[in-house]
Each structure stands twice: as structure tokens, then as C-alpha cells.
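J.: Data file my_file_7.cif (mmCIF, C-alpha atoms) is appended below.
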```cif
data_input
loop_
_atom_site.label_atom_id
_atom_site.label_comp_id
_atom_site.auth_asym_id
_atom_site.auth_seq_id
_atom_site.Cartn_x
_atom_site.Cartn_y
_atom_site.Cartn_z
CA MET A 54 153.85 -123.72 188.56
CA ASN A 55 151.93 -120.43 188.26
CA LYS A 56 148.31 -121.18 187.16
CA LYS A 57 148.53 -118.61 184.36
CA ILE A 58 151.76 -120.13 183.01
CA LYS A 59 150.30 -123.64 183.29
CA PHE A 60 147.21 -122.60 181.31
CA ILE A 61 149.32 -121.05 178.56
CA SER A 62 151.49 -124.20 178.36
CA VAL A 63 148.48 -126.49 178.03
CA LEU A 64 146.96 -124.20 175.39
CA PHE A 65 150.23 -124.15 173.42
CA ILE A 66 150.56 -127.95 173.49
CA GLY A 67 146.95 -128.34 172.35
CA LEU A 68 147.42 -125.97 169.43
CA LEU A 69 150.66 -127.74 168.45
CA MET A 70 148.91 -131.14 168.39
CA MET A 71 146.09 -129.74 166.26
CA PHE A 72 148.62 -128.34 163.77
CA MET A 73 150.52 -131.64 163.54
CA THR A 74 147.29 -133.58 162.99
CA ALA A 75 146.24 -131.25 160.22
CA CYS A 76 149.60 -131.63 158.46
CA GLY A 77 149.53 -135.38 158.77
CA SER A 78 146.07 -135.68 157.20
CA SER A 79 146.89 -133.57 154.16
CA ASN A 80 146.98 -135.69 150.94
CA GLU A 81 148.16 -134.13 147.71
CA THR A 82 147.07 -135.89 144.53
CA GLY A 83 148.10 -135.43 140.95
CA GLY A 84 150.16 -136.83 138.09
CA GLY A 85 153.12 -138.68 139.46
CA SER A 86 154.90 -141.63 137.93
CA ASN A 87 155.23 -145.31 138.58
CA ASP A 88 157.79 -147.97 137.78
CA SER A 89 156.02 -148.76 134.51
CA GLY A 90 156.75 -145.48 132.80
CA GLU A 91 156.35 -141.75 132.85
CA SER A 92 153.08 -140.13 133.74
CA SER A 93 151.32 -136.85 133.31
CA ALA A 94 147.93 -135.74 134.57
CA SER A 95 145.27 -133.28 133.57
CA LYS A 96 142.94 -132.17 136.33
CA GLY A 97 139.27 -131.39 135.97
CA ASN A 98 136.73 -130.33 138.55
CA SER A 99 136.08 -133.64 140.29
CA GLY A 100 138.29 -135.64 142.61
CA GLY A 101 138.92 -138.98 140.87
CA VAL A 102 140.50 -139.98 137.57
CA GLU A 103 137.80 -140.68 134.99
CA VAL A 104 139.91 -141.18 131.84
CA GLY A 105 143.16 -143.16 131.75
CA ILE A 106 145.42 -143.03 128.70
CA VAL A 107 148.22 -145.51 128.01
CA LEU A 108 150.70 -144.75 125.20
CA PRO A 109 153.47 -147.10 123.99
CA THR A 110 156.63 -145.06 124.55
CA ARG A 111 158.06 -141.60 125.00
CA ASP A 112 161.09 -142.57 122.92
CA GLU A 113 159.32 -141.89 119.60
CA PRO A 114 158.40 -138.32 118.64
CA ARG A 115 155.01 -139.47 117.40
CA TRP A 116 153.78 -140.46 120.87
CA VAL A 117 155.22 -137.38 122.59
CA GLN A 118 153.25 -135.39 120.06
CA ASP A 119 150.11 -137.35 120.92
CA GLU A 120 150.66 -136.65 124.62
CA GLU A 121 150.80 -132.91 123.99
CA ARG A 122 147.67 -133.07 121.84
CA PHE A 123 145.83 -134.99 124.55
CA LYS A 124 146.85 -132.42 127.15
CA ALA A 125 145.62 -129.58 124.94
CA ALA A 126 142.33 -131.32 124.20
CA LEU A 127 141.74 -132.05 127.87
CA SER A 128 142.71 -128.67 129.24
CA GLU A 129 139.10 -127.47 129.20
CA SER A 130 137.55 -130.79 130.20
CA GLU A 131 135.65 -131.24 133.44
CA TYR A 132 137.04 -134.75 133.72
CA ASN A 133 140.32 -135.81 135.34
CA THR A 134 142.77 -137.80 133.24
CA GLU A 135 146.12 -139.49 133.62
CA ILE A 136 148.57 -140.37 130.82
CA LEU A 137 151.04 -143.23 131.30
CA PHE A 138 153.81 -144.49 129.01
CA SER A 139 154.74 -148.16 128.78
CA GLN A 140 158.22 -147.58 127.33
CA GLY A 141 158.01 -150.40 124.81
CA SER A 142 157.19 -153.10 127.37
CA SER A 143 154.03 -155.18 127.57
CA ALA A 144 154.78 -155.88 131.22
CA ASN A 145 154.92 -152.16 131.94
CA GLU A 146 151.75 -151.70 129.94
CA ARG A 147 149.96 -154.22 132.14
CA GLU A 148 151.17 -152.39 135.28
CA ASN A 149 149.95 -149.10 133.83
CA VAL A 150 146.50 -150.51 133.16
CA GLU A 151 146.38 -151.96 136.67
CA THR A 152 147.39 -148.58 138.08
CA LEU A 153 144.54 -146.89 136.22
CA ILE A 154 142.08 -149.56 137.32
CA ASN A 155 143.09 -148.88 140.91
CA ARG A 156 142.63 -145.14 140.31
CA GLY A 157 139.01 -145.91 139.45
CA VAL A 158 138.96 -144.80 135.81
CA ASP A 159 135.71 -145.13 133.88
CA VAL A 160 137.28 -145.06 130.39
CA LEU A 161 140.62 -146.52 129.26
CA ILE A 162 142.20 -145.20 126.05
CA ILE A 163 145.10 -147.46 125.04
CA ALA A 164 147.56 -147.56 122.14
CA PRO A 165 149.06 -151.00 122.74
CA HIS A 166 152.75 -151.79 122.46
CA ASP A 167 151.79 -155.32 121.34
CA GLY A 168 148.18 -155.73 120.23
CA ALA A 169 147.85 -159.39 121.24
CA ALA A 170 149.75 -159.06 124.51
CA ALA A 171 147.49 -156.17 125.56
CA ALA A 172 144.41 -158.40 125.41
CA SER A 173 144.72 -159.60 128.99
CA SER A 174 145.22 -156.06 130.27
CA VAL A 175 142.10 -154.67 128.63
CA ALA A 176 140.15 -157.76 129.71
CA ALA A 177 141.05 -156.90 133.31
CA ALA A 178 139.79 -153.35 132.75
CA LYS A 179 136.59 -154.57 131.12
CA ALA A 180 135.95 -156.90 134.04
CA GLU A 181 135.85 -153.81 136.26
CA GLY A 182 133.20 -152.19 134.07
CA ILE A 183 135.66 -149.85 132.32
CA THR A 184 134.95 -148.86 128.71
CA VAL A 185 137.97 -149.65 126.52
CA ILE A 186 138.90 -147.50 123.52
CA SER A 187 141.75 -148.81 121.38
CA TYR A 188 143.70 -145.82 120.09
CA ASP A 189 145.52 -145.85 116.72
CA ARG A 190 146.65 -149.45 117.23
CA LEU A 191 144.07 -152.20 117.66
CA VAL A 192 144.12 -154.54 120.66
CA THR A 193 143.60 -158.01 119.17
CA ASP A 194 142.23 -161.43 120.14
CA THR A 195 139.77 -160.23 122.78
CA ASP A 196 136.14 -159.17 123.07
CA ALA A 197 137.05 -156.58 125.73
CA VAL A 198 137.54 -153.69 123.27
CA ASP A 199 134.49 -151.44 122.94
CA TYR A 200 135.68 -148.92 120.36
CA TYR A 201 138.59 -148.24 118.04
CA VAL A 202 139.77 -144.77 116.98
CA THR A 203 142.10 -144.98 114.02
CA PHE A 204 143.40 -143.59 110.81
CA ASP A 205 142.48 -145.74 107.82
CA SER A 206 145.52 -148.01 108.01
CA ILE A 207 144.85 -149.72 104.67
CA ALA A 208 144.64 -146.28 103.06
CA VAL A 209 148.03 -145.36 104.57
CA GLY A 210 149.69 -148.34 102.87
CA GLU A 211 147.82 -147.67 99.63
CA ALA A 212 149.07 -144.08 99.62
CA GLN A 213 152.65 -145.21 100.20
CA GLY A 214 152.49 -147.81 97.44
CA GLN A 215 150.79 -145.47 95.00
CA TYR A 216 153.44 -142.81 95.57
CA LEU A 217 156.15 -145.26 94.52
CA ILE A 218 154.13 -146.20 91.44
CA ASP A 219 153.52 -142.57 90.48
CA ASN A 220 157.26 -141.89 90.62
CA ALA A 221 158.38 -145.06 88.86
CA ASN A 222 160.26 -144.50 85.62
CA GLY A 223 160.78 -147.48 83.35
CA THR A 224 160.79 -151.15 84.31
CA GLY A 225 162.85 -153.49 86.44
CA ILE A 226 163.10 -150.97 89.29
CA PRO A 227 164.52 -152.62 92.43
CA LEU A 228 161.90 -152.47 95.19
CA TYR A 229 163.06 -152.72 98.79
CA LEU A 230 160.28 -153.62 101.22
CA TYR A 231 160.28 -152.78 104.93
CA ALA A 232 157.51 -153.09 107.50
CA GLY A 233 156.68 -152.27 111.10
CA ALA A 234 156.58 -154.72 114.00
CA SER A 235 154.87 -158.07 113.50
CA SER A 236 153.35 -157.60 116.97
CA ASP A 237 151.45 -154.53 115.74
CA ASN A 238 148.23 -155.20 113.82
CA ASN A 239 148.65 -151.87 112.04
CA ALA A 240 151.91 -153.07 110.49
CA PHE A 241 149.96 -155.80 108.71
CA LEU A 242 147.31 -153.33 107.55
CA PHE A 243 149.87 -150.81 106.27
CA PHE A 244 151.70 -153.54 104.37
CA GLU A 245 148.46 -155.01 103.04
CA GLY A 246 147.41 -151.65 101.62
CA ALA A 247 150.80 -151.17 99.98
CA TRP A 248 150.92 -154.72 98.62
CA LYS A 249 147.50 -154.45 96.98
CA VAL A 250 148.56 -151.49 94.85
CA LEU A 251 152.18 -152.56 94.29
CA GLN A 252 151.56 -156.21 93.43
CA PRO A 253 150.18 -155.58 89.90
CA LYS A 254 153.25 -153.46 89.16
CA ILE A 255 155.49 -156.20 90.52
CA ALA A 256 153.70 -158.75 88.35
CA ASP A 257 154.09 -156.66 85.18
CA GLY A 258 157.80 -156.06 85.75
CA THR A 259 157.72 -152.39 86.75
CA PHE A 260 159.27 -153.36 90.08
CA VAL A 261 161.61 -156.20 91.01
CA ILE A 262 161.57 -157.29 94.66
CA ALA A 263 165.07 -156.81 95.99
CA ASN A 264 165.13 -157.99 99.60
CA SER A 265 162.50 -160.62 100.38
CA SER A 266 162.42 -164.17 99.06
CA GLU A 267 159.00 -164.64 100.68
CA ALA A 268 157.59 -161.65 98.77
CA GLU A 269 159.18 -162.98 95.57
CA ALA A 270 157.48 -166.34 96.07
CA LEU A 271 154.10 -164.63 96.50
CA GLN A 272 154.47 -161.90 93.88
CA ALA A 273 151.79 -163.38 91.62
CA LYS A 274 149.12 -163.15 94.36
CA ALA A 275 147.18 -159.92 94.86
CA ASP A 276 145.30 -161.16 97.94
CA LEU A 277 147.40 -162.74 100.65
CA THR A 278 146.37 -164.48 103.84
CA ARG A 279 147.41 -163.20 107.24
CA GLU A 280 149.90 -166.05 107.44
CA GLU A 281 151.41 -165.12 104.08
CA TYR A 282 151.75 -161.47 105.08
CA GLY A 283 153.35 -162.70 108.29
CA ARG A 284 156.00 -164.62 106.35
CA ILE A 285 156.96 -161.49 104.43
CA LEU A 286 156.94 -159.31 107.54
CA GLY A 287 159.18 -161.84 109.23
CA GLN A 288 161.87 -160.97 106.67
CA VAL A 289 161.36 -157.22 106.33
CA THR A 290 160.26 -156.09 109.80
CA THR A 291 162.03 -153.13 111.39
CA ASN A 292 160.12 -153.53 114.66
CA TRP A 293 159.58 -149.76 114.34
CA ASP A 294 163.21 -149.42 115.45
CA PRO A 295 165.48 -147.08 113.41
CA SER A 296 168.58 -148.93 114.59
CA GLU A 297 167.19 -152.23 113.38
CA ALA A 298 166.18 -150.56 110.11
CA ILE A 299 169.76 -149.31 109.62
CA ASN A 300 171.25 -152.75 110.28
CA LYS A 301 168.79 -154.46 107.94
CA ALA A 302 169.30 -151.94 105.15
CA GLN A 303 173.10 -152.09 105.44
CA THR A 304 173.10 -155.89 105.38
CA GLN A 305 170.79 -156.05 102.39
CA LEU A 306 172.65 -153.41 100.37
CA THR A 307 175.95 -155.14 101.04
CA ALA A 308 174.50 -158.39 99.70
CA ALA A 309 172.67 -156.80 96.75
CA SER A 310 173.95 -157.40 93.23
CA ASP A 311 174.57 -154.50 90.86
CA ASP A 312 171.22 -154.97 89.11
CA LEU A 313 169.47 -154.32 92.44
CA LYS A 314 171.06 -150.91 92.84
CA GLY A 315 170.96 -147.78 90.69
CA ASP A 316 167.54 -146.10 90.76
CA VAL A 317 165.47 -147.81 93.48
CA ALA A 318 162.12 -147.59 95.25
CA ILE A 319 161.82 -148.14 99.00
CA LEU A 320 158.68 -148.92 100.98
CA ALA A 321 159.48 -147.69 104.52
CA PRO A 322 156.70 -148.03 107.10
CA ASN A 323 157.08 -144.82 109.13
CA ASP A 324 159.17 -141.68 109.43
CA GLY A 325 161.65 -142.93 112.02
CA THR A 326 162.61 -145.96 109.93
CA SER A 327 162.41 -143.95 106.71
CA ARG A 328 165.08 -141.50 107.83
CA ALA A 329 167.30 -144.34 109.02
CA ILE A 330 166.96 -146.29 105.76
CA ALA A 331 167.35 -143.13 103.65
CA ASP A 332 170.66 -142.39 105.35
CA VAL A 333 171.94 -145.87 104.46
CA PHE A 334 170.82 -145.73 100.82
CA GLY A 335 171.98 -142.13 100.46
CA ALA A 336 175.48 -143.11 101.58
CA ASP A 337 175.81 -145.94 99.05
CA ASN A 338 177.66 -144.73 95.94
CA GLU A 339 175.97 -147.38 93.81
CA ILE A 340 172.51 -145.96 94.58
CA THR A 341 171.85 -143.37 91.88
CA SER A 342 168.50 -142.20 93.24
CA TYR A 343 165.71 -143.41 95.47
CA PHE A 344 162.10 -142.70 96.33
CA ILE A 345 161.18 -143.60 99.91
CA THR A 346 157.92 -143.50 101.82
CA GLY A 347 157.08 -142.66 105.44
CA GLN A 348 154.22 -141.74 107.73
CA ASP A 349 153.46 -139.57 110.79
CA ALA A 350 154.79 -136.22 109.51
CA GLU A 351 157.44 -136.04 112.24
CA ILE A 352 159.33 -132.74 112.38
CA ALA A 353 162.64 -134.41 111.54
CA SER A 354 161.11 -136.08 108.48
CA ILE A 355 159.51 -132.86 107.27
CA GLN A 356 163.01 -131.38 107.29
CA TYR A 357 164.25 -134.45 105.39
CA ILE A 358 161.50 -133.92 102.80
CA ILE A 359 162.43 -130.24 102.43
CA ASP A 360 166.07 -131.29 102.02
CA GLY A 361 165.20 -134.01 99.48
CA LYS A 362 166.34 -136.91 101.65
CA GLN A 363 162.86 -138.38 102.24
CA SER A 364 160.32 -138.38 99.42
CA MET A 365 156.99 -138.30 101.23
CA THR A 366 155.15 -138.89 104.46
CA VAL A 367 151.56 -139.82 105.14
CA PHE A 368 150.20 -137.04 107.33
CA LYS A 369 147.86 -138.31 110.01
CA ASP A 370 146.46 -135.28 111.79
CA VAL A 371 146.81 -136.31 115.42
CA ARG A 372 144.66 -133.36 116.45
CA THR A 373 141.66 -135.01 114.79
CA LEU A 374 142.47 -138.47 116.15
CA VAL A 375 142.85 -137.14 119.69
CA GLN A 376 139.60 -135.18 119.44
CA ASP A 377 137.82 -138.31 118.20
CA ALA A 378 139.17 -140.36 121.12
CA ILE A 379 138.32 -137.72 123.72
CA GLY A 380 134.92 -137.18 122.14
CA MET A 381 134.20 -140.90 122.46
CA ALA A 382 135.33 -140.94 126.08
CA ILE A 383 133.18 -137.94 127.00
CA ASP A 384 130.17 -139.46 125.24
CA VAL A 385 130.62 -142.60 127.34
CA LEU A 386 130.99 -140.58 130.54
CA ASP A 387 127.89 -138.57 129.63
CA GLY A 388 125.88 -141.72 129.02
CA LYS A 389 125.76 -141.31 125.23
CA THR A 390 126.60 -143.78 122.45
CA PRO A 391 129.70 -142.65 120.52
CA GLU A 392 129.45 -142.13 116.77
CA THR A 393 131.31 -144.69 114.64
CA THR A 394 131.98 -144.99 110.91
CA GLY A 395 132.92 -148.64 110.43
CA SER A 396 134.42 -151.66 112.15
CA TYR A 397 137.62 -153.74 112.32
CA ASN A 398 137.87 -157.41 113.14
CA ASN A 399 140.46 -157.95 115.86
CA GLY A 400 140.57 -161.72 115.53
CA ASN A 401 137.80 -162.19 118.08
CA VAL A 402 135.09 -159.61 117.41
CA ASP A 403 134.24 -156.76 115.04
CA VAL A 404 135.16 -153.59 116.92
CA SER A 405 133.14 -150.45 116.16
CA ALA A 406 135.52 -147.80 114.84
CA LYS A 407 135.80 -144.15 113.93
CA GLN A 408 138.24 -143.49 111.10
CA THR A 409 140.22 -140.37 110.24
CA ASN A 410 141.43 -139.59 106.73
CA VAL A 411 145.11 -139.34 105.78
CA ILE A 412 147.00 -136.94 103.48
CA VAL A 413 150.12 -137.50 101.37
CA VAL A 414 152.73 -134.79 101.95
CA ASP A 415 155.82 -134.16 99.81
CA GLN A 416 157.90 -131.15 98.79
CA GLU A 417 155.09 -129.71 96.68
CA ASN A 418 152.44 -129.41 99.40
CA VAL A 419 154.38 -129.52 102.66
CA LYS A 420 153.83 -125.81 103.32
CA SER A 421 150.10 -125.78 102.57
CA GLU A 422 149.31 -128.94 104.52
CA LEU A 423 151.51 -128.52 107.58
CA ILE A 424 152.43 -124.85 107.95
CA ASP A 425 149.42 -122.99 106.58
CA SER A 426 147.12 -125.36 108.47
CA GLY A 427 148.82 -124.41 111.76
CA TYR A 428 150.06 -127.92 112.51
CA TYR A 429 153.68 -126.73 112.63
CA GLU A 430 155.38 -123.33 112.68
CA ALA A 431 157.56 -122.28 109.72
CA SER A 432 160.30 -121.37 112.21
CA GLN A 433 160.73 -125.07 113.04
CA PHE A 434 162.30 -125.71 109.63
CA THR A 435 165.08 -124.41 107.39
CA GLY A 436 164.95 -124.04 103.62
CA LEU A 437 161.15 -123.85 103.54
CA GLU A 438 159.89 -121.69 100.65
#
```
What is this file in C-alpha cells?

T.:
Amino acid sequence: MNKKIKFISVLFIGLLMMFMTACGSSNETGGGSNDSGESSASKGNSGGVEVGIVLPTRDEPRWVQDEERFKAALSESEYNTEILFSQGSSANERENVETLINRGVDVLIIAPHDGAAAASSVAAAKAEGITVISYDRLVTDTDAVDYYVTFDSIAVGEAQGQYLIDNANGTGIPLYLYAGASSDNNAFLFFEGAWKVLQPKIADGTFVIANSSEAEALQAKADLTREEYGRILGQVTTNWDPSEAINKAQTQLTAASDDLKGDVAILAPNDGTSRAIADVFGADNEITSYFITGQDAEIASIQYIIDGKQSMTVFKDVRTLVQDAIGMAIDVLDGKTPETTGSYNNGNVDVSAKQTNVIVVDQENVKSELIDSGYYEASQFTGLE
């Protein structure tokens, strides 16, 4: 072979090998997904993932809304984050936490699917020196939770109960009680708040319990034990599932006597179940009118309120809750002690907490609270005056 040709061939092969080596060593990182649920990432200036966020499910508008708020709050952050969804499964939630541990996170923000079941997951994170912030829902029965960011859950239930009282007309009003999932500590707190304000009006005959023999048996007691609340929730739980709420409401209305129909009051735990229950009661010809509660200010429920199909919602400004959670995480990462305003006992320890206030929204103030404040756009709704 000609020496010049041989030299060019060797040079070409060498350059080709260098190119292949460079391609093979390239590693692209970012927000992918795993078998436990969907994932999204927000990148900062450094290489690792400092803040991991685990949310219960993408199947409820509330948590999709939280994801968007987290992304917006973190867009200017210098810290890398990753958001994972557990899709209503404690097993998936555990895998998500393990994934974030392996990513080397310094702070874990978690809204548990099941507060008690999440205890072992956060304990694993704590064992690795990770600061754990329980978000909106409290992880229970463990000392591995450092902080809790929450709306005042008792106040949410109180607001729902008081709304039904304020709109009560006469006596002997059938009261239908519904609650969230018994696996969610917040469901107990919401119901406790509602019970404390409703119970005196049940005792004096303003309301008549229509769908819970356990609540009837305890109607003379203003202060119930956790076990007593659990017995009631066992009968009226919706498990935060609109389909289950529909089935329960249909079954109970079918079985209800005439004196438990007419003008009724309905304690519904959140917006998703409220719309489902409202549709059932609204379709029953023997229901003359109803007042029904909700919470979360979901877009679909705001439209229901405008249309007169849902009476109220408890507005929990997720923007504030997200900012509180991110502020806590950044304080931890910066070596500061986060500010707290109270504490909640999780069955094992008192967890330092930061609380956010709630607002009752109905037809009268829906525009001022949700549109004028910039939370939603007027174009998202019809019939808004």
C-alpha cells in the first residue's frame, strides 16, 4: 500500500474511534418516568436532584394543579427537582421514594396516598439523612417526618359545616354525611371540624342524620374519639372516589324514606365527590332542594357553583401552600431553620407545621376570590357575571 494512503487510512480509523468513544460516553439526564408513575423534572444550575416531590395521583385535577404550581415556583430555583406520581398506590409510592433516595435528594416533599402506609417510605428516606416534609396530607405513625405544610384541615371541616348551618331553614332537615378515605388523616380532621359545628344542630333537631347509624348513635357527643370517628367514616367514606360516591349516594337515596328527602343538606368532603353526589341528588325527583359542600376549588366545581349545582367550595390557595413547601425546602438546603406556626400529632410525634388559611367560595364571591385574584381566568367559565 502507498505510504500516503496508509497514513490517511490510519488517521481516519483513529478519528472514527475517537468519535464513537465520545458518543458512547454521553449521558443525558432529566425528568423521565419509572414504573411507579409519571415524572416531571425541573432543572437548576447543579448536576444532582436536591428536592424530590411525590404526589398521590395524576387522576385528580387537584394534584395536576399542584404539579403545575410546583413547576412554576421552581422555575427560577437554583436547585434541581423531580416530581413523581404514585397513581393511588402505596407500593408505587414506596418505589418513587426509593427512586428519589437513589437520585441523592436532600429534601423529600411527599403528599402520601395512605398516611400510615407511607411511614416506612419516609423512614427509609430519613435513614439516609433526607429531610422529610409532609405536604397537605400528614404521614402518620412515624418520627421520620420533620415538617408538615398544610391548610388548617379542622378549619376546612368547620367551614363546610357552618355553611350548611347558615343555609338551614327550619328543623328536621335530612343531613347526609360523606367523608374522604379512612386511610387519609386529613379525612378525619375535615370530618372532625364539620362534626364539632354540626353536632349541636343535630342535637337540637335542626338536622336529622339520614345515612349513618353510627353517627346517629353518637349524635349526643360533641367530642368523639378517633375510634368513634373511624366508625362513622367506615359507613360514609367515599375513598375520595367519585364513582364510589355515586354508588353510595344512589344506594342511600333508594333506601331513604320520604321524610329523609325533600329539602336536604349534604356534607361532601371534596369537589370531585361533591359533583358526583350532587348529580345523584339533582336527578332524584323527590329531592326538592339541596345544599352541598366541597373543597379544592376545582375548575369543574367552580362551573357547578356558577350553574347552581354545587353550593360552595373551600378554596385552598395551592400557590401559597406550594410556596410554603418550597420555602421550607430551600431553607433546609441553605442551612436555615424553616418557620413554623404550630404542630400536629401524627400518632407518634408532634410534627412542626406551617398552616395556610382557607376561604369559603360560593356564587356571591366566586369572581372576587378566584378571577379577580388571578387564580383562574374568566374565559375558563361560562355564565360568570

J.: As an exercise, work out the distance from atom CA of Gln272 of chain A to atom CA of Ile255 of chain A in Å and give it to one decimal place.

T.: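 Computing the Euclidean distance for atom CA of Gln272 of chain A and atom CA of Ile255 of chain A yields 6.7 Å.
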
J.: Starting from the PyMOL selection byres ((chain A and resi 403) around 12), expand the selection into actual residues of this file and give them as a PyMOL selection string.

T.: chain A and resi 191-201+395-402+404-406

J.: I need the chosen residues saved as a compact mmCIF listing (two decimals), in the frame of the given file, with C-alpha atoms.

T.:
```
# COMPACT_ATOMS: atom_id res chain seq x y z
CA LEU A 191 144.07 -152.20 117.66
CA VAL A 192 144.12 -154.54 120.66
CA THR A 193 143.60 -158.01 119.17
CA ASP A 194 142.23 -161.43 120.14
CA THR A 195 139.77 -160.23 122.78
CA ASP A 196 136.14 -159.17 123.07
CA ALA A 197 137.05 -156.58 125.73
CA VAL A 198 137.54 -153.69 123.27
CA ASP A 199 134.49 -151.44 122.94
CA TYR A 200 135.68 -148.92 120.36
CA TYR A 201 138.59 -148.24 118.04
CA GLY A 395 132.92 -148.64 110.43
CA SER A 396 134.42 -151.66 112.15
CA TYR A 397 137.62 -153.74 112.32
CA ASN A 398 137.87 -157.41 113.14
CA ASN A 399 140.46 -157.95 115.86
CA GLY A 400 140.57 -161.72 115.53
CA ASN A 401 137.80 -162.19 118.08
CA VAL A 402 135.09 -159.61 117.41
CA VAL A 404 135.16 -153.59 116.92
CA SER A 405 133.14 -150.45 116.16
CA ALA A 406 135.52 -147.80 114.84
```

J.: Work out how far apart atom CA of Ile163 of chain A and atom CA of Ile183 of chain A are and give it in Å to one decimal.

T.: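 Calculated distance between atom CA of Ile163 of chain A and atom CA of Ile183 of chain A is 12.2 Å.
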
J.: Specify as a list in words each residue included when the PyMOL selection byres ((chain A and resi 411) around 7) is applied to this file.

T.: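 When the PyMOL selection byres ((chain A and resi 411) around 7) is applied, the selected residues are Phe204, Val209, Val367, Phe368, Lys369, Thr409, Asn410, Ile412 and Val413 of chain A.
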
J.: Spell out the residues picked by the PyMOL selection byres ((chain A and resi 120) around 10) here, as a compact mmCIF listing (two decimals) with C-alpha atoms, in the frame of the given file.

T.:
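Generated file (part.txt):
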```
# COMPACT_ATOMS: atom_id res chain seq x y z
CA SER A 93 151.32 -136.85 133.31
CA ILE A 106 145.42 -143.03 128.70
CA VAL A 107 148.22 -145.51 128.01
CA LEU A 108 150.70 -144.75 125.20
CA ARG A 111 158.06 -141.60 125.00
CA PRO A 114 158.40 -138.32 118.64
CA ARG A 115 155.01 -139.47 117.40
CA TRP A 116 153.78 -140.46 120.87
CA VAL A 117 155.22 -137.38 122.59
CA GLN A 118 153.25 -135.39 120.06
CA ASP A 119 150.11 -137.35 120.92
CA GLU A 121 150.80 -132.91 123.99
CA ARG A 122 147.67 -133.07 121.84
CA PHE A 123 145.83 -134.99 124.55
CA LYS A 124 146.85 -132.42 127.15
CA ALA A 125 145.62 -129.58 124.94
CA ALA A 126 142.33 -131.32 124.20
CA ILE A 136 148.57 -140.37 130.82
CA LEU A 137 151.04 -143.23 131.30
CA PHE A 138 153.81 -144.49 129.01
CA VAL A 371 146.81 -136.31 115.42
CA VAL A 375 142.85 -137.14 119.69
```

J.: Work out how far atom CA of Thr291 of chain A is from atom CA of Tyr231 of chain A, in Å to one decimal.

T.: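 Going from atom CA of Tyr231 of chain A over to atom CA of Thr291 of chain A covers 6.7 Å.
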
J.: Counting all atoms listed in the file, which of A:Gly315, A:Pro165, A:Gly287, A:Pro295 gets nearest to Gly225 of chain A?

T.: A:Gly315

J.: Taking all atoms listed in the file into account, which of A:Ser174, A:Gln288, A:Asn149, A:Ser187 comes nearest Lys407 of chain A?

T.: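 Using all atoms listed in the file, Lys407 of chain A sits closest to A:Ser187.
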
J.: Counting only C-alpha atoms, figure out which residue out of A:Thr184, A:Asn264, A:Gln305, A:Ser235 gets nearest to Glu280 of chain A.

T.: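 Among the listed residues, the smallest separation from Glu280 of chain A belongs to A:Ser235.
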
J.: Put a box with edges along x, y and z around all the listed atoms of segment 337-350 of chain A, pad it by 8 Å on each side, then give me its centre and sizes in Å, one decimal, as lines of an AutoDock Vina configuration file.

T.:
```
center_x = 165.6
center_y = -141.8
center_z = 101.3
size_x = 40.2
size_y = 27.2
size_z = 34.9
```

J.: Between A:Gly258, A:Gly361, A:Gly105, A:Gly223, which residue has the minimum interatomic distance to Ala164 of chain A, considering all atoms listed in the file?

T.: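 That would be A:Gly105, the residue with the smallest distance to Ala164 of chain A.
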
J.: Please provide as a JSON list (two decimals) with C-alpha atoms, in the coordinates of the input all residues within 8 Å of Gly214 of chain A, with the sequence filter that same-chain residues fewer than 6 positions apart are discarded (counting only C-alpha atoms).

T.:
```json
[["chain", "number", "residue", "atom", "x", "y", "z"],
["A", 246, "GLY", "CA", 147.41, -151.65, 101.62],
["A", 247, "ALA", "CA", 150.80, -151.17, 99.98],
["A", 248, "TRP", "CA", 150.92, -154.72, 98.62],
["A", 250, "VAL", "CA", 148.56, -151.49, 94.85],
["A", 251, "LEU", "CA", 152.18, -152.56, 94.29],
["A", 320, "LEU", "CA", 158.68, -148.92, 100.98]]
```

J.: Which of these residues is nearest to Glu103 of chain A, using only C-alpha atoms: A:Thr393, A:Ala176, A:Val385, A:Gln348?

T.: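 Looking at the shortest contact to Glu103 of chain A, the residue is A:Val385.
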
J.: Hey, which of A:Glu151, A:Gly388, A:Lys314, A:Gly233 ends up closest to Ala180 of chain A? Count all atoms listed in the file.

T.: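 Nearest candidate to Ala180 of chain A out of A:Glu151, A:Gly388, A:Lys314, A:Gly233: A:Glu151.
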
J.: Identify, on the basis of all atoms listed in the file, every residue whose closest approach to segment 335-344 of chain A does not exceed 8 Å; exclude the query and any residue fewer than 4 positions from it along the same chain; express the result as JSON, numbers by chain.

T.: {"A": [217, 220, 311, 314, 315, 316, 317, 318, 319, 331, 362, 363, 364]}
